[in-house]
Structure formats: C-alpha cells, structure tokens
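Notes follow the structure.
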Amino acid sequence: MEILKLDLSRLRNEEHYSYHSEVNGLVQRFTAEALGIQSKYPVYGAAFAAEGEVLYVVQKSIFTGPIADADQRRDSLEVGIERTIDGALLHFSEEVREAARRLKIVIDSFGDIRSKGYNEETAAIKALVADLETTHAADVASVGITDWVTELKTANEGFETLVNERYSEE
C-alpha cells in the first residue's frame, strides 16, 4: 500500500502524534545519518517531544472526561433527531411525512457531523440548529422535534463552554 497524499493539518491530535511517532521510529531505526537528515533531526526530535508533552497535558486535564461526556451527549441527541425524522418518514399524516422528507434533506446536507473534530462539530451543530430554528422551524414543529433541537443547542453550548474552560486552564 502507498500513501498518495497526507494532509497533516487534517489529522486530529492523537492521529498527528501517532503519525510522527512512526516517522520518529523509522528515523531511529535507520539513523538520521544514514537518511542524510542529521542536521534537521534534532529540531524535529525536539518538536516531536514537545508535541508529546502537550498531548499528555491535554489528556490529563480535569476537563478531558467531562468534554468527552458532553460530546457523547451531543452525539446521542443528534442520533435521536435523525431517528425521529426517519420515523416520521413513515407517519400516517402526509404533512408530517413531507416535513420529515424536507428535514432529512437538511440533515443529510450536513454530512456525518459526529465524525468531525470538536471545533468542526461544534460549528456544524451551530449552523444546523440555526437552520432548523429559522428556515425549517415549521417542519421541526410538524415532526415534533422542537425540544430535541433546543436540547441539542443547549448541549452544544455546554460543550463549547467546557472546551473554552480547558483552554483557560492551559
């Protein structure tokens, strides 16, 4: 297998560190001298070590567990909204089915929000909630997910507050 393109900026923290851990292991295995990078390797090694220390600090933060729990809460609310809409697609009322069909298109247009990084997911949920509360408010009410949307908005705001508190701690 061959990697054709790898955009390191798109990797999450642990993925980025893991990638560089493998690179560092290869450099140690084949030696910096043999690879012709002996003048650059000390700077790389120091940056790699610093990244490992920072990653450890983030992982041991008092906010790490609550942030993970808050993210799980957001994810479960989003799944609940999606499943409620899917159920409404089978509703006996034509009006509810049509509203659910329109909402399904909106939800699908955002893609898999739950697989995004924390910041991207937070921004996507804000945009989704804003869209559901304004443009599609009537459909949201018809399908009966107004409380779900409000709860998702609240959970997302709580998550964002925790992340900001962690940044303050650091």
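Residues are named by chain letter and number: chains run A, B, ... in the order of the structure tokens, numbers start at 1 in each chain, and ligands are numbered from 1 in the order shown.
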Requested in this report: Excluding Asn156 in chain A and any residue of its chain fewer than 3 positions from it, enumerate the residues within 12 Å of it, using only C-alpha atoms, and give them as a ChimeraX atom specification.
Outcome: /A:67,69-78,118-129,149-153,159-163
Report task. Just the helix (DSSP H, G or I) stuff from range 45-154 of chain A, please, per backbone DSSP, written as a PyMOL selection string. Result -> chain A and resi 45-59+64-88+94-109+113-115+118-133+137-143+146-154
Query raised in the report: Could you name the residues that touch range 43-48 of chain A at 12 Å or less, counting only C-alpha atoms, but leaving out those on the same chain fewer than 4 positions away, as a list in words?
Result: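 That gives His16, Tyr17, Ser18, Tyr19, His20, Ser21, Glu22, Val23, Asn24, Gly25, Val27, Gln28, Ala32, Ile37, Gln38, Ser39, Gly52, Glu53, Val54 and Leu55 of chain A.
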Query raised in the report: Neighbours of Leu90 in chain A within 10 Å (only C-alpha atoms; same-chain residues fewer than 6 positions away dropped), as a list in words?
Result: Val96, Arg97 and Ala100 of chain A
Based on the selection just made, write C-alpha atoms of those residues as a PDB file, in the first residue's frame.
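Result written to result-v2.pdb:
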ATOM      1  CA  VAL A  96     -45.691  15.076   8.667  1.00  0.00           C
ATOM      2  CA  ARG A  97     -44.074  12.784   6.076  1.00  0.00           C
ATOM      3  CA  ALA A 100     -39.733  14.839   7.604  1.00  0.00           C
TER       4      ALA A 100
END
Query raised in the report: Which residue gives the smallest distance to Phe110 in chain A among A:Lys5, A:Leu132, A:Pro66, A:Glu14, with only C-alpha atoms counted?
Result: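 Once distances to Phe110 in chain A are computed over only C-alpha atoms, the minimum belongs to A:Leu132.
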**Report entry** Residues near Lys104 in chain A, cut-off 10 Å, only C-alpha atoms, skip fewer than 5 positions along chain, as a PyMOL selection string
**Finding:** chain A and resi 81-83+85-86+88-89+98-99+109
Could you save those same residues with C-alpha atoms as an mmCIF file, in the first residue's frame?
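Output saved as result24.cif:
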data_model
loop_
_atom_site.group_PDB
_atom_site.id
_atom_site.type_symbol
_atom_site.label_atom_id
_atom_site.label_comp_id
_atom_site.auth_asym_id
_atom_site.auth_seq_id
_atom_site.Cartn_x
_atom_site.Cartn_y
_atom_site.Cartn_z
ATOM 1 C CA ILE A 81 -33.126 13.749 15.982
ATOM 2 C CA GLU A 82 -32.130 11.699 12.937
ATOM 3 C CA ARG A 83 -34.041 8.633 14.094
ATOM 4 C CA ILE A 85 -37.049 12.167 11.473
ATOM 5 C CA ASP A 86 -36.602 8.686 9.970
ATOM 6 C CA ALA A 88 -41.656 10.487 10.801
ATOM 7 C CA LEU A 89 -40.989 9.471 7.195
ATOM 8 C CA GLU A 98 -43.379 15.761 3.787
ATOM 9 C CA ALA A 99 -41.938 17.804 6.653
ATOM 10 C CA SER A 109 -26.619 18.008 3.681
#
**Report entry** Separation of CA of Thr146 in chain A from CA of Glu133 in chain A in Å
**Finding:**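 Rounded to one decimal, the two atoms are 8.2 Å apart.
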Report task. Identify which of the residues A:Gly158, A:Gly80, A:Gly144, A:Gly117 lies closest to Glu15 in chain A, counting only C-alpha atoms when measuring atom-to-atom distances. Result ->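 Smallest separation from Glu15 in chain A among the options: A:Gly117.
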